[in-house]
$ cat model.txt   # compact mmCIF, C-alpha atoms
# COMPACT_ATOMS: atom_id res chain seq x y z
CA MET A 23 0.00 0.00 0.00
CA SER A 24 2.52 2.55 -1.20
CA LEU A 25 2.11 6.29 -0.83
CA THR A 26 0.84 8.06 -3.93
CA ASP A 27 1.89 11.62 -4.73
CA ARG A 28 -1.51 12.72 -3.55
CA ASP A 29 -1.07 10.89 -0.25
CA LYS A 30 2.28 12.61 0.28
CA ALA A 31 0.83 16.05 -0.48
CA THR A 32 -2.09 15.41 1.89
CA VAL A 33 0.26 14.27 4.67
CA ARG A 34 2.56 17.28 4.25
CA THR A 35 -0.37 19.71 4.34
CA PHE A 36 -2.05 18.04 7.28
CA TRP A 37 1.13 17.55 9.31
CA ALA A 38 1.92 21.26 9.00
CA LYS A 39 -0.98 21.76 11.42
CA VAL A 40 0.58 19.35 13.92
CA ALA A 41 3.95 21.08 13.71
CA GLY A 42 3.19 23.74 16.28
CA ASN A 43 1.65 21.27 18.67
CA THR A 44 4.02 18.35 18.89
CA GLU A 45 4.30 18.17 22.68
CA ALA A 46 0.53 18.32 23.22
CA VAL A 47 -0.23 15.76 20.50
CA GLY A 48 2.63 13.49 21.55
CA THR A 49 1.83 13.60 25.27
CA ASN A 50 -1.85 12.91 24.57
CA ALA A 51 -1.11 9.99 22.22
CA LEU A 52 1.49 8.38 24.46
CA SER A 53 -0.50 8.68 27.68
CA ARG A 54 -3.58 7.38 25.92
CA MET A 55 -1.59 4.38 24.70
CA LEU A 56 -0.32 3.60 28.21
CA THR A 57 -3.87 3.70 29.60
CA VAL A 58 -5.81 2.00 26.80
CA TYR A 59 -3.16 -0.67 26.08
CA PRO A 60 -1.52 -1.29 29.46
CA GLN A 61 0.81 -3.96 28.04
CA THR A 62 2.77 -1.08 26.45
CA LYS A 63 3.84 0.04 29.92
CA THR A 64 6.31 -2.84 29.93
CA TYR A 65 8.63 -0.73 27.79
CA PHE A 66 8.69 2.05 30.35
CA ALA A 67 9.36 0.18 33.56
CA HIS A 68 12.35 2.46 34.12
CA TRP A 69 10.10 5.52 34.50
CA LYS A 70 8.84 6.18 38.00
CA ASP A 71 5.84 8.15 36.87
CA LEU A 72 3.73 6.98 33.92
CA GLY A 73 0.86 9.40 34.49
CA PRO A 74 -0.23 11.74 31.72
CA GLY A 75 1.26 14.80 33.34
CA SER A 76 4.62 13.20 34.00
CA ILE A 77 7.72 14.87 32.65
CA ASN A 78 8.85 11.57 31.08
CA VAL A 79 5.61 11.12 29.15
CA ARG A 80 5.64 14.73 27.95
CA LYS A 81 9.26 14.63 26.86
CA HIS A 82 8.95 11.27 25.15
CA GLY A 83 5.64 12.13 23.50
CA LYS A 84 7.30 15.16 21.95
CA THR A 85 10.32 13.09 20.87
CA VAL A 86 8.10 10.57 19.08
CA VAL A 87 5.90 13.15 17.32
CA ASP A 88 8.95 15.23 16.35
CA GLY A 89 10.38 12.01 14.91
CA ILE A 90 7.25 11.54 12.82
CA GLY A 91 7.52 15.14 11.66
CA ALA A 92 11.10 14.44 10.58
CA ALA A 93 9.83 11.38 8.71
CA VAL A 94 7.38 13.61 6.79
CA MET A 95 10.43 15.44 5.43
CA LYS A 96 11.85 12.11 4.26
CA ILE A 97 8.57 10.81 2.92
CA ASP A 98 10.09 10.01 -0.47
CA ASP A 99 12.49 7.43 0.99
CA LEU A 100 11.44 6.39 4.46
CA GLN A 101 13.60 3.28 4.57
CA LYS A 102 16.76 5.30 3.98
CA GLY A 103 15.60 8.26 6.07
CA LEU A 104 14.71 6.15 9.11
CA LEU A 105 17.70 3.80 8.91
CA SER A 106 19.36 4.85 12.18
CA LEU A 107 16.03 4.94 14.03
CA SER A 108 15.32 1.48 12.72
CA GLU A 109 18.66 0.25 14.03
CA LEU A 110 17.88 1.83 17.41
CA HIS A 111 14.47 0.13 17.63
CA ALA A 112 15.80 -3.19 16.32
CA PHE A 113 18.97 -3.63 18.31
CA GLN A 114 18.53 -1.57 21.44
CA LEU A 115 14.89 -0.85 22.17
CA ARG A 116 13.52 -4.04 20.63
CA VAL A 117 9.95 -2.79 20.68
CA ASP A 118 7.63 -5.44 19.28
CA PRO A 119 6.37 -3.99 15.98
CA THR A 120 2.73 -4.65 16.92
CA ASN A 121 3.09 -1.67 19.22
CA PHE A 122 3.76 0.68 16.30
CA LYS A 123 0.20 -0.07 15.11
CA ILE A 124 -1.14 0.57 18.59
CA LEU A 125 0.61 3.93 18.94
CA ASN A 126 -0.40 4.89 15.39
CA HIS A 127 -4.05 4.27 16.29
CA CYS A 128 -3.71 6.48 19.37
CA ILE A 129 -2.12 9.22 17.26
CA LEU A 130 -5.07 9.05 14.85
CA VAL A 131 -7.52 9.36 17.77
CA VAL A 132 -5.67 12.45 19.02
CA LEU A 133 -5.68 13.97 15.53
CA ALA A 134 -9.47 13.39 15.33
CA ILE A 135 -9.95 15.14 18.67
CA THR A 136 -7.54 18.00 17.94
CA PHE A 137 -8.61 18.62 14.33
CA PRO A 138 -12.21 17.36 14.10
CA ALA A 139 -12.99 19.32 10.93
CA GLU A 140 -9.68 18.83 9.10
CA PHE A 141 -9.20 15.13 9.92
CA THR A 142 -11.56 14.11 7.14
CA PRO A 143 -11.71 10.50 5.90
CA GLU A 144 -9.45 11.57 3.01
CA ALA A 145 -6.84 12.99 5.40
CA HIS A 146 -7.27 9.94 7.65
CA VAL A 147 -6.47 7.41 4.91
CA ALA A 148 -3.35 9.33 3.81
CA VAL A 149 -2.04 9.74 7.37
CA ASP A 150 -2.88 6.11 8.23
CA LYS A 151 -0.95 4.90 5.16
CA PHE A 152 1.95 7.19 6.07
CA LEU A 153 2.13 6.02 9.69
CA ALA A 154 1.99 2.41 8.49
CA ALA A 155 4.88 3.15 6.12
CA VAL A 156 6.84 4.72 9.00
CA ALA A 157 6.20 1.62 11.12
CA LEU A 158 7.41 -0.58 8.27
CA ALA A 159 10.58 1.48 7.86
CA LEU A 160 11.17 1.42 11.63
CA SER A 161 10.96 -2.36 11.69
CA ASP A 162 13.18 -2.75 8.63
CA LYS A 163 16.30 -3.76 10.53
CA TYR A 164 14.57 -6.16 12.92
CA ARG A 165 15.58 -9.33 11.10
CA MET B 26 -17.91 -13.69 31.50
CA VAL B 27 -16.59 -10.16 31.18
CA GLU B 28 -16.42 -8.07 34.34
CA TRP B 29 -17.45 -4.43 34.07
CA THR B 30 -16.73 -1.74 36.66
CA ASP B 31 -19.35 0.84 37.56
CA PHE B 32 -17.31 3.46 35.72
CA GLU B 33 -17.31 1.32 32.57
CA ARG B 34 -21.07 0.64 32.73
CA GLN B 35 -21.81 4.31 33.31
CA THR B 36 -19.49 5.50 30.54
CA ILE B 37 -21.01 3.11 28.00
CA ALA B 38 -24.57 4.04 28.97
CA ASP B 39 -23.70 7.76 28.78
CA ILE B 40 -22.21 7.49 25.32
CA PHE B 41 -25.06 5.50 23.80
CA GLY B 42 -27.55 7.70 25.58
CA LYS B 43 -26.33 10.82 23.91
CA ILE B 44 -24.93 9.98 20.45
CA ASP B 45 -26.98 10.65 17.36
CA TYR B 46 -27.03 7.18 15.80
CA GLU B 47 -27.60 8.51 12.29
CA THR B 48 -24.72 10.97 12.34
CA VAL B 49 -22.28 8.61 14.03
CA GLY B 50 -23.34 5.58 11.98
CA ALA B 51 -23.07 7.33 8.63
CA ALA B 52 -19.73 8.92 9.53
CA ALA B 53 -18.21 5.71 10.89
CA LEU B 54 -19.23 3.46 7.98
CA SER B 55 -18.29 5.95 5.26
CA ARG B 56 -14.94 6.51 6.97
CA CYS B 57 -14.36 2.75 7.05
CA LEU B 58 -15.11 2.37 3.33
CA ILE B 59 -12.77 5.27 2.50
CA VAL B 60 -9.89 4.43 4.84
CA TYR B 61 -10.05 0.66 4.20
CA PRO B 62 -11.36 0.48 0.64
CA TRP B 63 -11.28 -3.31 0.49
CA THR B 64 -14.24 -3.30 2.89
CA GLN B 65 -16.31 -2.08 -0.07
CA ARG B 66 -16.41 -5.70 -1.25
CA TYR B 67 -19.47 -6.25 0.95
CA PHE B 68 -21.38 -3.32 -0.52
CA GLY B 69 -21.63 -4.21 -4.20
CA ASN B 70 -25.35 -3.40 -4.27
CA PHE B 71 -25.10 -0.10 -2.47
CA GLY B 72 -24.89 2.23 -5.45
CA ASN B 73 -22.14 4.74 -6.13
CA LEU B 74 -19.00 4.11 -4.07
CA TYR B 75 -16.69 5.41 -6.76
CA ASN B 76 -14.79 7.92 -4.64
CA ALA B 77 -14.76 9.45 -1.17
CA SER B 78 -17.20 12.22 -2.10
CA ALA B 79 -19.70 9.71 -3.47
CA ILE B 80 -19.37 7.47 -0.42
CA LYS B 81 -19.94 10.37 1.95
CA ILE B 82 -23.26 11.32 0.36
CA ASN B 83 -24.50 7.80 -0.37
CA PRO B 84 -27.86 7.41 1.41
CA MET B 85 -27.74 3.59 1.46
CA ILE B 86 -24.39 3.71 3.25
CA ALA B 87 -25.71 6.28 5.72
CA LYS B 88 -28.71 4.10 6.47
CA HIS B 89 -26.59 0.98 6.88
CA GLY B 90 -24.18 2.79 9.19
CA THR B 91 -27.11 3.59 11.44
CA THR B 92 -28.19 -0.07 11.37
CA ILE B 93 -24.69 -1.19 12.39
CA VAL B 94 -24.45 1.22 15.32
CA HIS B 95 -27.90 0.14 16.49
CA GLY B 96 -26.47 -3.37 16.31
CA LEU B 97 -24.38 -2.35 19.31
CA ASP B 98 -27.53 -1.79 21.37
CA ARG B 99 -27.80 -5.46 22.16
CA ALA B 100 -24.31 -5.26 23.63
CA TRP B 101 -24.64 -2.30 25.96
CA LYS B 102 -28.08 -3.46 27.02
CA ASN B 103 -26.73 -6.95 27.80
CA LEU B 104 -23.26 -6.24 29.14
CA ASP B 105 -23.32 -9.37 31.27
CA ASN B 106 -24.34 -11.61 28.39
CA ILE B 107 -22.75 -10.25 25.24
CA LYS B 108 -21.58 -13.59 23.84
CA GLU B 109 -25.09 -15.05 23.90
CA ALA B 110 -26.66 -11.80 22.71
CA TYR B 111 -24.55 -11.93 19.52
CA THR B 112 -24.99 -15.60 18.58
CA GLU B 113 -27.60 -14.80 15.95
CA LEU B 114 -25.64 -11.89 14.42
CA SER B 115 -22.45 -13.94 14.43
CA ILE B 116 -24.11 -16.73 12.46
CA LEU B 117 -25.54 -14.16 10.05
CA HIS B 118 -22.14 -12.55 9.40
CA SER B 119 -20.43 -15.91 9.03
CA GLU B 120 -22.91 -18.00 7.07
CA THR B 121 -25.03 -15.51 5.16
CA ILE B 122 -22.98 -12.36 4.59
CA HIS B 123 -19.55 -14.11 4.74
CA VAL B 124 -17.72 -11.17 6.30
CA ASP B 125 -14.06 -11.64 7.21
CA PRO B 126 -14.07 -10.97 10.98
CA ASP B 127 -11.03 -8.72 10.66
CA ASN B 128 -13.43 -6.17 9.20
CA PHE B 129 -15.16 -5.87 12.57
CA ARG B 130 -11.90 -4.58 14.00
CA LEU B 131 -11.44 -2.12 11.12
CA PHE B 132 -14.97 -0.76 11.60
CA SER B 133 -14.41 -0.51 15.37
CA ASP B 134 -11.30 1.61 14.81
CA CYS B 135 -13.26 3.95 12.55
CA LEU B 136 -16.13 4.12 15.04
CA THR B 137 -13.63 4.98 17.80
CA ILE B 138 -12.19 7.80 15.72
CA THR B 139 -15.67 9.07 14.84
CA LEU B 140 -16.65 9.11 18.53
CA ALA B 141 -13.40 10.89 19.38
CA ALA B 142 -14.10 13.60 16.81
CA GLN B 143 -17.66 14.00 18.14
CA MET B 144 -16.81 14.03 21.83
CA GLY B 145 -13.56 16.00 21.69
CA ALA B 146 -11.68 16.39 24.97
CA GLU B 147 -14.38 14.41 26.75
CA PHE B 148 -13.02 11.35 24.90
CA ASN B 149 -10.13 11.12 27.32
CA ALA B 150 -7.81 8.12 27.87
CA ASP B 151 -10.11 6.48 30.44
CA VAL B 152 -13.16 6.81 28.18
CA GLN B 153 -11.18 5.51 25.21
CA ALA B 154 -10.10 2.51 27.30
CA VAL B 155 -13.75 1.71 28.07
CA VAL B 156 -14.79 2.04 24.42
CA GLN B 157 -11.81 -0.08 23.34
CA LYS B 158 -12.73 -2.81 25.82
CA PHE B 159 -16.43 -2.70 24.88
CA LEU B 160 -15.79 -2.89 21.14
CA THR B 161 -13.19 -5.67 21.59
CA VAL B 162 -15.73 -7.75 23.50
CA VAL B 163 -18.38 -7.19 20.81
CA VAL B 164 -15.92 -8.02 18.03
CA ASN B 165 -14.97 -11.26 19.80
CA ALA B 166 -18.64 -12.19 20.24
CA LEU B 167 -19.34 -11.52 16.57
CA GLY B 168 -16.53 -13.87 15.63
CA LYS B 169 -17.60 -16.69 17.94
CA GLN B 170 -19.85 -18.61 15.52
CA TYR B 171 -17.33 -18.72 12.65
CA HIS B 172 -16.36 -22.32 11.97

$ encode --input "model.txt" --output "structure tokens"
Amino acid sequence: MSLTDRDKATVRTFWAKVAGNTEAVGTNALSRMLTVYPQTKTYFAHWKDLGPGSINVRKHGKTVVDGIGAAVMKIDDLQKGLLSLSELHAFQLRVDPTNFKILNHCILVVLAITFPAEFTPEAHVAVDKFLAAVALALSDKYR
Amino acid sequence: MVEWTDFERQTIADIFGKIDYETVGAAALSRCLIVYPWTQRYFGNFGNLYNASAIKINPMIAKHGTTIVHGLDRAWKNLDNIKEAYTELSILHSETIHVDPDNFRLFSDCLTITLAAQMGAEFNADVQAVVQKFLTVVVNALGKQYH
């Protein structure tokens, strides 16, 4: 399910709206994930505080959403652009790739809440395809 | 049997008490057909599904979306007996309509996103967790009679 030129244009336009809001969107998505899918907490056992207001969740939420924003810039070659992040996730973090789908879903929910008018079905399909492509690129080095 | 806390029961009752079934149903089903176009395979007789604009204004899709969301009534009204409550619908989807059960999950995701857009900040993490649990239970029940 590769990204068409139209998908890429839609993602770039839509993600420009997220750009000013990365900490809020990231914190919301990450804390939602930890609550709705508690098994994901296993990757954060080293954090004392996993609550939504916690400094760790805010900082990491921003890191993840900033990372996605950086991926938008590399949308024409995600595998190459996300190579070092893929190595990080594969060899050090070893996050089971199922969790990428889970976090992606939570990001989509946050986008629907934050941009109810702009997150149309057309924007949704383009962003969903993009996030799936990012997940694929991130898991590239796993085996 | 699934255990439900008071908070979960209350949250589910609140949501179904206040949503407009027609708006939510139409939005959720049309979103599903647009975001996961292969789901259109079950709607060959539903008129013009040629593109997103057509899907969004298709009255048969809107009506069917409402039917599907009303199909959830038997779940929230029978929280302690969902598996039994869905036996008939599960057989229907398996033996008559022949729907791949993975589609139930796809529709649930679109319904979740539609509810989130409707409810805004009120659709917080705890509410989303309840909706996720509820829809997962329903999806499992719908898949139970597939052999």

$ interface_residues --input "model.txt" --of "chain A" --to "chain B" --cutoff "12 Å" --atoms "all atoms listed in the file" --output "PyMOL selection string"
chain A and resi 23+49-60+73-74+123-124+126-151

$ residues_around --input "model.txt" --residues "range 105-108 of chain A" --least-positions-apart "4" --cutoff "8 Å" --atoms "only C-alpha atoms" --output "list in words"
Gln101, Ala112, Ala159, Leu160, Ser161, Asp162, Lys163 and Tyr164 of chain A

$ residues_near_point --input "model.txt" --point "(-15.4, -21.3, 13.9)" --cutoff "12 Å" --atoms "all atoms listed in the file" --output "PDB file with C-alpha atoms, in the coordinates of the input"
ATOM      1  CA  SER B 115     -22.450 -13.940  14.430  1.00  0.00           C
ATOM      2  CA  ILE B 116     -24.110 -16.730  12.460  1.00  0.00           C
ATOM      3  CA  HIS B 118     -22.140 -12.550   9.400  1.00  0.00           C
ATOM      4  CA  SER B 119     -20.430 -15.910   9.030  1.00  0.00           C
ATOM      5  CA  GLU B 120     -22.910 -18.000   7.070  1.00  0.00           C
ATOM      6  CA  ASP B 125     -14.060 -11.640   7.210  1.00  0.00           C
ATOM      7  CA  PRO B 126     -14.070 -10.970  10.980  1.00  0.00           C
ATOM      8  CA  ASN B 165     -14.970 -11.260  19.800  1.00  0.00           C
ATOM      9  CA  ALA B 166     -18.640 -12.190  20.240  1.00  0.00           C
ATOM     10  CA  LEU B 167     -19.340 -11.520  16.570  1.00  0.00           C
ATOM     11  CA  GLY B 168     -16.530 -13.870  15.630  1.00  0.00           C
ATOM     12  CA  LYS B 169     -17.600 -16.690  17.940  1.00  0.00           C
ATOM     13  CA  GLN B 170     -19.850 -18.610  15.520  1.00  0.00           C
ATOM     14  CA  TYR B 171     -17.330 -18.720  12.650  1.00  0.00           C
ATOM     15  CA  HIS B 172     -16.360 -22.320  11.970  1.00  0.00           C
TER      16      HIS B 172
END

$ residues_near_point --input "model.txt" --point "(-24.7, 5.1, 19.6)" --cutoff "10 Å" --atoms "only C-alpha atoms" --output "PyMOL selection string"
chain B and resi 37-50+91+93-98+101+136+140

$ closest_residue --input "model.txt" --among "B:Phe129, B:Asp105, B:Arg99, B:Asn76" --to "Trp29 in chain B" --atoms "only C-alpha atoms"
B:Asp105

$ atom_distance --input "model.txt" --atom1 "CA of Arg28 in chain A" --atom2 "CA of Gly89 in chain A"
22.0 Å

$ closest_residue --input "model.txt" --among "B:Thr121, B:Asn103, B:Thr112, B:Asn128" --to "Phe159 in chain B" --atoms "only C-alpha atoms"
B:Asn103

$ closest_residue --input "model.txt" --among "B:Lys102, B:Ile107, B:His123, B:Phe32" --to "Val163 in chain B" --atoms "only C-alpha atoms"
B:Ile107

$ build_atoms --input "model.txt" --residues "range 34-50 of chain A" --atoms "N, CA, C and O atoms" --output "PDB file, in the coordinates of the input"
ATOM      1  N   ARG A  34       1.756  16.071   3.982  1.00  0.00           N
ATOM      2  CA  ARG A  34       2.560  17.280   4.250  1.00  0.00           C
ATOM      3  C   ARG A  34       1.663  18.429   4.710  1.00  0.00           C
ATOM      4  O   ARG A  34       1.970  19.118   5.679  1.00  0.00           O
ATOM      5  N   THR A  35       0.550  18.628   3.996  1.00  0.00           N
ATOM      6  CA  THR A  35      -0.370  19.710   4.340  1.00  0.00           C
ATOM      7  C   THR A  35      -0.939  19.501   5.740  1.00  0.00           C
ATOM      8  O   THR A  35      -0.952  20.415   6.562  1.00  0.00           O
ATOM      9  N   PHE A  36      -1.416  18.287   5.995  1.00  0.00           N
ATOM     10  CA  PHE A  36      -2.050  18.040   7.280  1.00  0.00           C
ATOM     11  C   PHE A  36      -1.030  18.146   8.413  1.00  0.00           C
ATOM     12  O   PHE A  36      -1.314  18.731   9.469  1.00  0.00           O
ATOM     13  N   TRP A  37       0.163  17.574   8.217  1.00  0.00           N
ATOM     14  CA  TRP A  37       1.130  17.550   9.310  1.00  0.00           C
ATOM     15  C   TRP A  37       1.647  18.946   9.653  1.00  0.00           C
ATOM     16  O   TRP A  37       2.125  19.187  10.762  1.00  0.00           O
ATOM     17  N   ALA A  38       1.528  19.866   8.705  1.00  0.00           N
ATOM     18  CA  ALA A  38       1.920  21.260   9.000  1.00  0.00           C
ATOM     19  C   ALA A  38       1.102  21.800  10.172  1.00  0.00           C
ATOM     20  O   ALA A  38       1.589  22.615  10.967  1.00  0.00           O
ATOM     21  N   LYS A  39      -0.134  21.323  10.307  1.00  0.00           N
ATOM     22  CA  LYS A  39      -0.980  21.760  11.420  1.00  0.00           C
ATOM     23  C   LYS A  39      -0.482  21.200  12.748  1.00  0.00           C
ATOM     24  O   LYS A  39      -0.636  21.804  13.805  1.00  0.00           O
ATOM     25  N   VAL A  40       0.105  20.002  12.691  1.00  0.00           N
ATOM     26  CA  VAL A  40       0.580  19.350  13.920  1.00  0.00           C
ATOM     27  C   VAL A  40       1.858  20.013  14.395  1.00  0.00           C
ATOM     28  O   VAL A  40       2.164  20.022  15.589  1.00  0.00           O
ATOM     29  N   ALA A  41       2.596  20.595  13.441  1.00  0.00           N
ATOM     30  CA  ALA A  41       3.950  21.080  13.710  1.00  0.00           C
ATOM     31  C   ALA A  41       4.055  21.975  14.943  1.00  0.00           C
ATOM     32  O   ALA A  41       4.988  21.880  15.712  1.00  0.00           O
ATOM     33  N   GLY A  42       3.075  22.836  15.138  1.00  0.00           N
ATOM     34  CA  GLY A  42       3.190  23.740  16.280  1.00  0.00           C
ATOM     35  C   GLY A  42       2.784  23.136  17.605  1.00  0.00           C
ATOM     36  O   GLY A  42       2.837  23.764  18.660  1.00  0.00           O
ATOM     37  N   ASN A  43       2.386  21.868  17.558  1.00  0.00           N
ATOM     38  CA  ASN A  43       1.650  21.270  18.670  1.00  0.00           C
ATOM     39  C   ASN A  43       2.235  19.957  19.125  1.00  0.00           C
ATOM     40  O   ASN A  43       1.526  19.134  19.695  1.00  0.00           O
ATOM     41  N   THR A  44       3.526  19.727  18.797  1.00  0.00           N
ATOM     42  CA  THR A  44       4.020  18.350  18.890  1.00  0.00           C
ATOM     43  C   THR A  44       4.011  17.817  20.328  1.00  0.00           C
ATOM     44  O   THR A  44       3.747  16.641  20.541  1.00  0.00           O
ATOM     45  N   GLU A  45       4.294  18.699  21.313  1.00  0.00           N
ATOM     46  CA  GLU A  45       4.300  18.170  22.680  1.00  0.00           C
ATOM     47  C   GLU A  45       2.890  17.780  23.120  1.00  0.00           C
ATOM     48  O   GLU A  45       2.690  16.706  23.693  1.00  0.00           O
ATOM     49  N   ALA A  46       1.913  18.619  22.813  1.00  0.00           N
ATOM     50  CA  ALA A  46       0.530  18.320  23.220  1.00  0.00           C
ATOM     51  C   ALA A  46       0.027  17.042  22.547  1.00  0.00           C
ATOM     52  O   ALA A  46      -0.523  16.157  23.203  1.00  0.00           O
ATOM     53  N   VAL A  47       0.243  16.944  21.234  1.00  0.00           N
ATOM     54  CA  VAL A  47      -0.230  15.760  20.500  1.00  0.00           C
ATOM     55  C   VAL A  47       0.498  14.511  20.988  1.00  0.00           C
ATOM     56  O   VAL A  47      -0.099  13.468  21.246  1.00  0.00           O
ATOM     57  N   GLY A  48       1.825  14.633  21.136  1.00  0.00           N
ATOM     58  CA  GLY A  48       2.630  13.490  21.550  1.00  0.00           C
ATOM     59  C   GLY A  48       2.299  13.011  22.953  1.00  0.00           C
ATOM     60  O   GLY A  48       2.158  11.807  23.202  1.00  0.00           O
ATOM     61  N   THR A  49       2.158  13.966  23.884  1.00  0.00           N
ATOM     62  CA  THR A  49       1.830  13.600  25.270  1.00  0.00           C
ATOM     63  C   THR A  49       0.471  12.896  25.309  1.00  0.00           C
ATOM     64  O   THR A  49       0.310  11.863  25.963  1.00  0.00           O
ATOM     65  N   ASN A  50      -0.499  13.467  24.603  1.00  0.00           N
ATOM     66  CA  ASN A  50      -1.850  12.910  24.570  1.00  0.00           C
ATOM     67  C   ASN A  50      -1.827  11.491  24.008  1.00  0.00           C
ATOM     68  O   ASN A  50      -2.393  10.567  24.596  1.00  0.00           O
TER      69      ASN A  50
END
